[in-house]
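S.K.: Quick one, query_21.txt (compact mmCIF, N, CA and C atoms and all ligand atoms):
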# COMPACT_ATOMS: atom_id res chain seq x y z
N MET A 1 -128.13 217.67 -17.22
CA MET A 1 -128.72 218.70 -16.34
C MET A 1 -128.14 220.06 -16.73
N THR A 2 -128.98 221.07 -16.87
CA THR A 2 -128.53 222.32 -17.47
C THR A 2 -127.68 223.16 -16.51
N ASP A 3 -128.00 223.17 -15.22
CA ASP A 3 -127.31 224.08 -14.32
C ASP A 3 -126.37 223.32 -13.38
N CYS A 4 -125.61 222.41 -13.93
CA CYS A 4 -124.70 221.61 -13.12
C CYS A 4 -123.27 221.88 -13.58
N LEU A 5 -122.42 222.28 -12.63
CA LEU A 5 -121.03 222.62 -12.96
C LEU A 5 -120.32 221.47 -13.66
N PHE A 6 -120.44 220.26 -13.13
CA PHE A 6 -119.67 219.16 -13.72
C PHE A 6 -120.30 218.70 -15.03
N CYS A 7 -121.61 218.85 -15.21
CA CYS A 7 -122.20 218.58 -16.54
C CYS A 7 -121.63 219.55 -17.56
N LYS A 8 -121.40 220.80 -17.14
CA LYS A 8 -120.83 221.79 -18.06
C LYS A 8 -119.39 221.46 -18.38
N ILE A 9 -118.64 220.92 -17.42
CA ILE A 9 -117.27 220.49 -17.71
C ILE A 9 -117.30 219.30 -18.68
N VAL A 10 -118.21 218.36 -18.44
CA VAL A 10 -118.34 217.22 -19.35
C VAL A 10 -118.68 217.70 -20.76
N ALA A 11 -119.53 218.70 -20.86
CA ALA A 11 -119.95 219.24 -22.17
C ALA A 11 -118.91 220.17 -22.77
N LYS A 12 -117.79 220.38 -22.04
CA LYS A 12 -116.71 221.28 -22.49
C LYS A 12 -117.17 222.74 -22.58
N GLU A 13 -118.22 223.07 -21.84
CA GLU A 13 -118.68 224.47 -21.78
C GLU A 13 -117.86 225.27 -20.77
N ILE A 14 -117.26 224.55 -19.80
CA ILE A 14 -116.37 225.16 -18.81
C ILE A 14 -115.05 224.40 -18.92
N PRO A 15 -113.92 225.13 -18.96
CA PRO A 15 -112.64 224.43 -19.13
C PRO A 15 -112.22 223.66 -17.89
N ALA A 16 -111.51 222.59 -18.12
CA ALA A 16 -110.92 221.80 -17.03
C ALA A 16 -109.69 221.11 -17.60
N THR A 17 -108.81 220.73 -16.70
CA THR A 17 -107.61 219.99 -17.13
C THR A 17 -107.95 218.51 -17.09
N VAL A 18 -108.33 217.99 -18.23
CA VAL A 18 -108.75 216.59 -18.33
C VAL A 18 -107.51 215.71 -18.37
N VAL A 19 -107.51 214.66 -17.53
CA VAL A 19 -106.37 213.74 -17.52
C VAL A 19 -106.73 212.38 -18.12
N LEU A 20 -108.01 212.05 -18.14
CA LEU A 20 -108.43 210.75 -18.70
C LEU A 20 -109.90 210.85 -19.08
N GLU A 21 -110.25 210.19 -20.17
CA GLU A 21 -111.66 210.19 -20.60
C GLU A 21 -111.99 208.82 -21.16
N THR A 22 -113.16 208.32 -20.78
CA THR A 22 -113.68 207.10 -21.39
C THR A 22 -115.05 207.43 -21.95
N ASP A 23 -115.69 206.45 -22.55
CA ASP A 23 -117.02 206.71 -23.13
C ASP A 23 -117.98 207.29 -22.09
N ARG A 24 -117.88 206.79 -20.85
CA ARG A 24 -118.89 207.18 -19.85
C ARG A 24 -118.34 207.93 -18.65
N THR A 25 -117.02 208.19 -18.63
CA THR A 25 -116.45 208.89 -17.48
C THR A 25 -115.46 209.96 -17.94
N LEU A 26 -115.24 210.92 -17.04
CA LEU A 26 -114.25 211.97 -17.30
C LEU A 26 -113.47 212.20 -16.01
N ALA A 27 -112.16 212.38 -16.14
CA ALA A 27 -111.30 212.67 -14.99
C ALA A 27 -110.57 213.97 -15.26
N PHE A 28 -110.63 214.88 -14.30
CA PHE A 28 -109.99 216.19 -14.46
C PHE A 28 -109.43 216.65 -13.12
N ARG A 29 -108.44 217.55 -13.19
CA ARG A 29 -107.78 218.00 -11.96
C ARG A 29 -108.70 218.92 -11.15
N ASP A 30 -108.64 218.73 -9.83
CA ASP A 30 -109.37 219.62 -8.93
C ASP A 30 -108.72 221.01 -8.96
N VAL A 31 -109.53 222.07 -8.99
CA VAL A 31 -108.97 223.43 -9.04
C VAL A 31 -108.33 223.85 -7.72
N ASP A 32 -108.63 223.15 -6.66
CA ASP A 32 -108.10 223.51 -5.35
C ASP A 32 -107.48 222.25 -4.73
N PRO A 33 -106.34 221.80 -5.29
CA PRO A 33 -105.81 220.49 -4.91
C PRO A 33 -105.40 220.40 -3.44
N GLN A 34 -105.76 219.29 -2.83
CA GLN A 34 -105.43 219.04 -1.43
C GLN A 34 -104.28 218.06 -1.28
N ALA A 35 -103.71 217.64 -2.40
CA ALA A 35 -102.58 216.71 -2.41
C ALA A 35 -101.91 216.87 -3.77
N PRO A 36 -100.64 216.39 -3.91
CA PRO A 36 -99.98 216.53 -5.21
C PRO A 36 -100.78 215.93 -6.36
N THR A 37 -101.41 214.81 -6.12
CA THR A 37 -102.40 214.29 -7.08
C THR A 37 -103.78 214.50 -6.48
N HIS A 38 -104.60 215.29 -7.15
CA HIS A 38 -105.99 215.48 -6.73
C HIS A 38 -106.83 215.62 -8.00
N VAL A 39 -107.43 214.50 -8.36
CA VAL A 39 -108.20 214.41 -9.61
C VAL A 39 -109.62 214.02 -9.25
N LEU A 40 -110.58 214.57 -9.97
CA LEU A 40 -111.99 214.22 -9.79
C LEU A 40 -112.41 213.33 -10.95
N VAL A 41 -113.11 212.25 -10.61
CA VAL A 41 -113.64 211.34 -11.64
C VAL A 41 -115.15 211.39 -11.57
N VAL A 42 -115.79 211.68 -12.70
CA VAL A 42 -117.25 211.77 -12.74
C VAL A 42 -117.80 210.87 -13.84
N PRO A 43 -119.02 210.37 -13.62
CA PRO A 43 -119.73 209.78 -14.76
C PRO A 43 -120.21 210.95 -15.64
N LYS A 44 -120.18 210.77 -16.94
CA LYS A 44 -120.65 211.86 -17.80
C LYS A 44 -122.14 212.12 -17.61
N ALA A 45 -122.89 211.07 -17.35
CA ALA A 45 -124.32 211.24 -17.08
C ALA A 45 -124.51 211.82 -15.69
N HIS A 46 -125.52 212.65 -15.54
CA HIS A 46 -125.74 213.30 -14.25
C HIS A 46 -126.37 212.34 -13.25
N HIS A 47 -125.65 212.08 -12.16
CA HIS A 47 -126.18 211.37 -11.00
C HIS A 47 -125.74 212.18 -9.80
N GLU A 48 -126.66 212.42 -8.88
CA GLU A 48 -126.40 213.40 -7.83
C GLU A 48 -125.29 213.01 -6.88
N ASP A 49 -125.32 211.78 -6.43
CA ASP A 49 -124.35 211.39 -5.40
C ASP A 49 -124.04 209.90 -5.51
N ALA A 50 -123.22 209.42 -4.57
CA ALA A 50 -122.77 208.03 -4.64
C ALA A 50 -123.94 207.05 -4.59
N ALA A 51 -124.97 207.40 -3.82
CA ALA A 51 -126.13 206.51 -3.73
C ALA A 51 -126.81 206.39 -5.09
N ALA A 52 -126.96 207.51 -5.76
CA ALA A 52 -127.59 207.50 -7.09
C ALA A 52 -126.72 206.74 -8.09
N LEU A 53 -125.41 206.92 -7.98
CA LEU A 53 -124.50 206.21 -8.88
C LEU A 53 -124.62 204.70 -8.64
N GLY A 54 -124.66 204.32 -7.38
CA GLY A 54 -124.78 202.90 -7.06
C GLY A 54 -126.05 202.29 -7.60
N GLY A 55 -127.09 203.10 -7.67
CA GLY A 55 -128.38 202.60 -8.17
C GLY A 55 -128.54 202.71 -9.67
N ALA A 56 -127.54 203.30 -10.33
CA ALA A 56 -127.70 203.56 -11.77
C ALA A 56 -127.64 202.28 -12.60
N GLY A 57 -126.93 201.27 -12.10
CA GLY A 57 -126.85 200.01 -12.85
C GLY A 57 -125.95 200.12 -14.06
N GLY A 58 -125.94 199.04 -14.82
CA GLY A 58 -125.18 199.02 -16.06
C GLY A 58 -123.67 199.07 -15.88
N GLY A 59 -123.22 198.83 -14.66
CA GLY A 59 -121.77 198.82 -14.43
C GLY A 59 -121.14 200.19 -14.34
N LEU A 60 -121.97 201.24 -14.24
CA LEU A 60 -121.41 202.59 -14.26
C LEU A 60 -120.55 202.87 -13.03
N ALA A 61 -120.99 202.44 -11.86
CA ALA A 61 -120.19 202.69 -10.65
C ALA A 61 -118.83 202.00 -10.76
N GLY A 62 -118.82 200.80 -11.29
CA GLY A 62 -117.56 200.09 -11.48
C GLY A 62 -116.67 200.80 -12.47
N GLU A 63 -117.27 201.39 -13.48
CA GLU A 63 -116.47 202.10 -14.48
C GLU A 63 -115.84 203.36 -13.87
N VAL A 64 -116.57 204.04 -12.98
CA VAL A 64 -115.99 205.20 -12.29
C VAL A 64 -114.79 204.75 -11.45
N LEU A 65 -114.94 203.62 -10.75
CA LEU A 65 -113.82 203.11 -9.94
C LEU A 65 -112.65 202.69 -10.82
N ALA A 66 -112.94 202.07 -11.95
CA ALA A 66 -111.86 201.66 -12.85
C ALA A 66 -111.13 202.87 -13.41
N THR A 67 -111.86 203.92 -13.73
CA THR A 67 -111.20 205.14 -14.21
C THR A 67 -110.36 205.75 -13.11
N ALA A 68 -110.88 205.74 -11.88
CA ALA A 68 -110.12 206.29 -10.75
C ALA A 68 -108.80 205.53 -10.59
N HIS A 69 -108.84 204.21 -10.71
CA HIS A 69 -107.60 203.44 -10.59
C HIS A 69 -106.67 203.73 -11.76
N ALA A 70 -107.23 203.85 -12.95
CA ALA A 70 -106.39 204.16 -14.12
C ALA A 70 -105.71 205.53 -13.95
N VAL A 71 -106.42 206.47 -13.35
CA VAL A 71 -105.82 207.78 -13.06
C VAL A 71 -104.66 207.61 -12.08
N ALA A 72 -104.88 206.82 -11.04
CA ALA A 72 -103.81 206.61 -10.05
C ALA A 72 -102.58 205.99 -10.69
N VAL A 73 -102.78 205.04 -11.59
CA VAL A 73 -101.65 204.43 -12.31
C VAL A 73 -100.95 205.48 -13.15
N GLN A 74 -101.75 206.24 -13.89
CA GLN A 74 -101.20 207.27 -14.78
C GLN A 74 -100.43 208.33 -14.01
N GLU A 75 -100.90 208.65 -12.80
CA GLU A 75 -100.27 209.69 -11.98
C GLU A 75 -99.09 209.15 -11.18
N GLY A 76 -98.90 207.82 -11.23
CA GLY A 76 -97.77 207.21 -10.53
C GLY A 76 -97.97 207.04 -9.04
N VAL A 77 -99.22 207.00 -8.59
CA VAL A 77 -99.48 206.86 -7.15
C VAL A 77 -100.13 205.52 -6.79
N ALA A 78 -100.35 204.68 -7.79
CA ALA A 78 -101.06 203.42 -7.51
C ALA A 78 -100.24 202.52 -6.59
N ASP A 79 -98.93 202.51 -6.77
CA ASP A 79 -98.10 201.62 -5.96
C ASP A 79 -97.92 202.12 -4.54
N THR A 80 -97.79 203.44 -4.38
CA THR A 80 -97.58 203.99 -3.03
C THR A 80 -98.89 204.08 -2.26
N GLY A 81 -100.00 204.10 -2.96
CA GLY A 81 -101.31 204.16 -2.32
C GLY A 81 -102.00 205.48 -2.60
N TYR A 82 -103.30 205.39 -2.71
CA TYR A 82 -104.09 206.59 -2.97
C TYR A 82 -105.42 206.45 -2.25
N ARG A 83 -106.10 207.55 -2.12
CA ARG A 83 -107.39 207.56 -1.41
C ARG A 83 -108.49 207.98 -2.36
N LEU A 84 -109.62 207.26 -2.30
CA LEU A 84 -110.82 207.65 -3.04
C LEU A 84 -111.83 208.17 -2.03
N VAL A 85 -112.38 209.34 -2.32
CA VAL A 85 -113.37 209.95 -1.41
C VAL A 85 -114.60 210.33 -2.22
N PHE A 86 -115.77 209.88 -1.74
CA PHE A 86 -117.04 210.34 -2.29
C PHE A 86 -117.76 211.10 -1.18
N ASN A 87 -117.58 212.40 -1.10
CA ASN A 87 -118.39 213.16 -0.14
C ASN A 87 -119.84 213.04 -0.59
N THR A 88 -120.70 212.66 0.32
CA THR A 88 -122.08 212.34 -0.05
C THR A 88 -123.04 213.12 0.82
N GLY A 89 -123.59 214.18 0.24
CA GLY A 89 -124.51 215.05 0.97
C GLY A 89 -123.79 216.25 1.55
N PRO A 90 -124.52 217.37 1.69
CA PRO A 90 -123.90 218.60 2.17
C PRO A 90 -123.28 218.47 3.56
N GLY A 91 -123.86 217.65 4.42
CA GLY A 91 -123.32 217.48 5.77
C GLY A 91 -121.96 216.81 5.76
N ALA A 92 -121.62 216.15 4.67
CA ALA A 92 -120.30 215.50 4.54
C ALA A 92 -119.37 216.31 3.66
N GLY A 93 -119.80 217.51 3.29
CA GLY A 93 -118.92 218.37 2.52
C GLY A 93 -119.12 218.31 1.02
N GLN A 94 -120.18 217.62 0.54
CA GLN A 94 -120.41 217.61 -0.90
C GLN A 94 -120.94 218.97 -1.33
N THR A 95 -120.16 219.65 -2.18
CA THR A 95 -120.54 220.99 -2.62
C THR A 95 -121.04 221.00 -4.07
N VAL A 96 -120.71 219.97 -4.83
CA VAL A 96 -121.17 219.88 -6.22
C VAL A 96 -122.06 218.64 -6.34
N PRO A 97 -123.35 218.83 -6.59
CA PRO A 97 -124.28 217.69 -6.59
C PRO A 97 -124.27 216.91 -7.92
N HIS A 98 -123.09 216.54 -8.34
CA HIS A 98 -122.88 215.60 -9.46
C HIS A 98 -121.79 214.67 -8.94
N VAL A 99 -122.13 213.40 -8.75
CA VAL A 99 -121.22 212.50 -8.04
C VAL A 99 -119.81 212.55 -8.63
N HIS A 100 -118.83 212.57 -7.72
CA HIS A 100 -117.43 212.61 -8.15
C HIS A 100 -116.58 211.89 -7.11
N ALA A 101 -115.63 211.13 -7.62
CA ALA A 101 -114.63 210.51 -6.76
C ALA A 101 -113.42 211.41 -6.73
N HIS A 102 -112.99 211.79 -5.53
CA HIS A 102 -111.71 212.47 -5.38
C HIS A 102 -110.63 211.38 -5.38
N VAL A 103 -109.64 211.51 -6.26
CA VAL A 103 -108.48 210.61 -6.24
C VAL A 103 -107.33 211.42 -5.67
N LEU A 104 -106.88 211.02 -4.47
CA LEU A 104 -105.86 211.78 -3.74
C LEU A 104 -104.63 210.92 -3.53
N GLY A 105 -103.46 211.48 -3.80
CA GLY A 105 -102.24 210.72 -3.58
C GLY A 105 -101.03 211.60 -3.75
N GLY A 106 -99.87 210.98 -3.56
CA GLY A 106 -98.62 211.70 -3.78
C GLY A 106 -98.02 212.27 -2.52
N ARG A 107 -98.66 212.09 -1.40
CA ARG A 107 -98.09 212.47 -0.11
C ARG A 107 -98.59 211.46 0.91
N GLY A 108 -98.00 211.48 2.08
CA GLY A 108 -98.48 210.60 3.13
C GLY A 108 -99.92 210.93 3.47
N LEU A 109 -100.78 209.95 3.40
CA LEU A 109 -102.20 210.18 3.71
C LEU A 109 -102.49 209.47 5.03
N THR A 110 -102.70 210.26 6.07
CA THR A 110 -102.95 209.65 7.36
C THR A 110 -104.40 209.19 7.45
N TRP A 111 -104.61 208.26 8.37
CA TRP A 111 -105.99 207.81 8.65
C TRP A 111 -106.17 207.70 10.15
N PRO A 112 -107.23 208.22 10.74
CA PRO A 112 -108.30 208.93 10.06
C PRO A 112 -107.85 210.30 9.60
N PRO A 113 -108.53 210.85 8.55
CA PRO A 113 -108.17 212.17 8.06
C PRO A 113 -108.49 213.22 9.12
N GLY A 114 -107.82 214.35 9.06
CA GLY A 114 -108.05 215.41 10.03
C GLY A 114 -109.40 216.07 9.89
P1 LIG B 201 -116.97 218.18 -2.96
O1 LIG B 201 -116.75 219.24 -1.91
O2 LIG B 201 -116.71 216.79 -2.50
O3 LIG B 201 -118.35 218.33 -3.60
O4 LIG B 201 -115.89 218.43 -4.09
C1 LIG B 201 -116.05 219.40 -5.06
C2 LIG B 201 -114.67 219.67 -5.59
O5 LIG B 201 -114.80 220.34 -6.83
C3 LIG B 201 -113.83 220.60 -4.69
O6 LIG B 201 -112.65 219.90 -4.30
C4 LIG B 201 -113.51 221.79 -5.58
O7 LIG B 201 -112.21 222.28 -5.40
C5 LIG B 201 -113.72 221.21 -6.98
N1 LIG B 201 -114.07 222.15 -8.02
C6 LIG B 201 -114.97 223.16 -7.94
N2 LIG B 201 -115.06 223.79 -9.13
C7 LIG B 201 -114.20 223.16 -9.97
C8 LIG B 201 -113.83 223.33 -11.35
N3 LIG B 201 -114.38 224.30 -12.10
N4 LIG B 201 -112.90 222.50 -11.88
C9 LIG B 201 -112.33 221.54 -11.12
N5 LIG B 201 -112.64 221.31 -9.83
C10 LIG B 201 -113.56 222.11 -9.26
Please re-express this file's structure in structure tokens.
Ligand code: AMP
M.R.:
Amino acid sequence: MTDCLFCKIVAKEIPATVVLETDRTLAFRDVDPQAPTHVLVVPKAHHEDAAALGGAGGGLAGEVLATAHAVAVQEGVADTGYRLVFNTGPGAGQTVPHVHAHVLGGRGLTWPPG
């Protein structure tokens, strides 16, 4: 998609701090971190939201989750616990319409979130 921020990051047209990359996924640090570890994991292919990702087939949703877990291991938060968030739709706070998992960790994460 030509006018998508995260497609441009995937295409390396916009810089990002990449922490992990696989054939079909990219993980990079959020520019406005809400926790000591705050990484976004995206499929390289454009899918608007979690529903679209779930319908994409081919194991892509599972690969996004596997990359998210690999990021948590790499960041050293897998053992203490981490949170995955897919804001889905503008009413839930999704501001970038290219599906992304927020990987949050490194501090006490209360539930329910504030
Ligand atoms: P959401 O509100 O769930 O759509 O999340 C979008 C996230 O993208 C926010 O946490 C932003 O801080 C983050 N973000 C926006 N622009 C960039 C960028 N250029 N590089 C990295 N993260 C970004």
S.K.: Go through range 18-69 of chain A and flag each residue having an atom no more than 8 Å from range 82-90 of chain A; for those, report the closest pair of atoms plus their distance in Å to one decimal, using only N, CA and C atoms, ordered by chain and rising number, as a Markdown table.
M.R.:
| residue | atom | partner | partner_atom | distance |
| --- | --- | --- | --- | --- |
| A:Glu48 | C | A:Gly89 | N | 7.4 |
| A:Asp49 | CA | A:Thr88 | CA | 5.9 |
| A:Ala50 | N | A:Thr88 | CA | 5.5 |
| A:Ala51 | N | A:Thr88 | CA | 6.9 |
| A:Ala68 | CA | A:Leu84 | CA | 7.9 |
S.K.: Using only N, CA and C atoms and all ligand atoms, which of the listed residues (A:Gly58, A:Val31, A:Ala45, A:Leu65) sits closest to ligand LIG 201 (chain B)?
M.R.: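 Of A:Gly58, A:Val31, A:Ala45, A:Leu65, the one nearest ligand LIG 201 (chain B) is A:Val31, counting only N, CA and C atoms and all ligand atoms.
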S.K.: Listing only residues of chain A within 5 Å of ligand LIG 201 (chain B), what is the closest atom pair and its distance in Å (to one decimal) for each, using only N, CA and C atoms and all ligand atoms, sorted by chain and residue number ascending, as JSON lines?
M.R.:
{"residue": "A:Arg29", "atom": "C", "partner": "B:LIG201", "partner_atom": "C9", "distance": 4.5}
{"residue": "A:Asp30", "atom": "CA", "partner": "B:LIG201", "partner_atom": "N5", "distance": 3.8}
{"residue": "A:Val31", "atom": "N", "partner": "B:LIG201", "partner_atom": "N5", "distance": 3.3}
{"residue": "A:Asp32", "atom": "N", "partner": "B:LIG201", "partner_atom": "O7", "distance": 3.9}
{"residue": "A:Asn87", "atom": "CA", "partner": "B:LIG201", "partner_atom": "O2", "distance": 4.6}
{"residue": "A:Gly93", "atom": "C", "partner": "B:LIG201", "partner_atom": "O1", "distance": 3.9}
{"residue": "A:Gln94", "atom": "CA", "partner": "B:LIG201", "partner_atom": "O3", "distance": 3.5}
{"residue": "A:Thr95", "atom": "N", "partner": "B:LIG201", "partner_atom": "O3", "distance": 2.7}
{"residue": "A:Val96", "atom": "N", "partner": "B:LIG201", "partner_atom": "O3", "distance": 3.1}
S.K.: Using the file's own x, y and z axes, what box holds all listed atoms of range 46-57 of chain A with 6 Å on each side, keeping edges along x, y and z, and what are its centre and edge lengths in Å to one decimal, as JSON?
M.R.:
{"center_x": -125.7, "center_y": 206.7, "center_z": -9.6, "size_x": 17.8, "size_y": 25.4, "size_z": 23.8}
S.K.: Restricting the calculation to only N, CA and C atoms: of A:Pro97, A:Pro113, A:Gly81, A:Pro36, which residue gets closest to Leu5 in chain A?
M.R.: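 Using only N, CA and C atoms, Leu5 in chain A sits closest to A:Pro97.
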S.K.: Once DSSP has gone over the backbone, tell me which residues of range 26-104 of chain A are in strand (DSSP E), as a list in words.
M.R.: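 Filtering range 26-104 of chain A down to strand (DSSP E) leaves Leu26, Ala27, Phe28, Arg29, Thr37, His38, Val39, Leu40, Val41, Val42, Pro43, Tyr82, Arg83, Leu84, Val85, Ala101, His102, Val103 and Leu104 of chain A.
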S.K.: Could you build a table of the residues in range 24-102 of chain A lying no more than 7 Å from range 9-19 of chain A, giving for each the nearest pair of atoms and their separation in Å rounded to one decimal place, using all atoms listed in the file, ordered by chain and ascending residue number, as JSON lines?
M.R.:
{"residue": "A:Leu26", "atom": "C", "partner": "A:Val19", "partner_atom": "N", "distance": 6.6}
{"residue": "A:Ala27", "atom": "C", "partner": "A:Val19", "partner_atom": "N", "distance": 3.9}
{"residue": "A:Phe28", "atom": "CA", "partner": "A:Thr17", "partner_atom": "C", "distance": 4.1}
{"residue": "A:Arg29", "atom": "N", "partner": "A:Thr17", "partner_atom": "C", "distance": 4.0}
{"residue": "A:Lys44", "atom": "CA", "partner": "A:Val10", "partner_atom": "CA", "distance": 6.0}
{"residue": "A:Val71", "atom": "CA", "partner": "A:Val19", "partner_atom": "C", "distance": 6.9}
S.K.: Record the distance separating CA of His102 in chain A and atom N of Leu40 in chain A, expressed in Å with one decimal.
M.R.: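 Separation of CA of His102 in chain A and atom N of Leu40 in chain A: 5.2 Å.
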S.K.: Mind listing the alpha helix (DSSP H) residues of chain A, per DSSP on the backbone, as number ranges by chain?
M.R.: A: 5-10, 50-56, 60-75
S.K.: Restricting the calculation to only C-alpha atoms, which member of A:His69, A:Gln34, A:His98, A:Gly54 is positioned closest to Met1 in chain A?
M.R.: A:His98
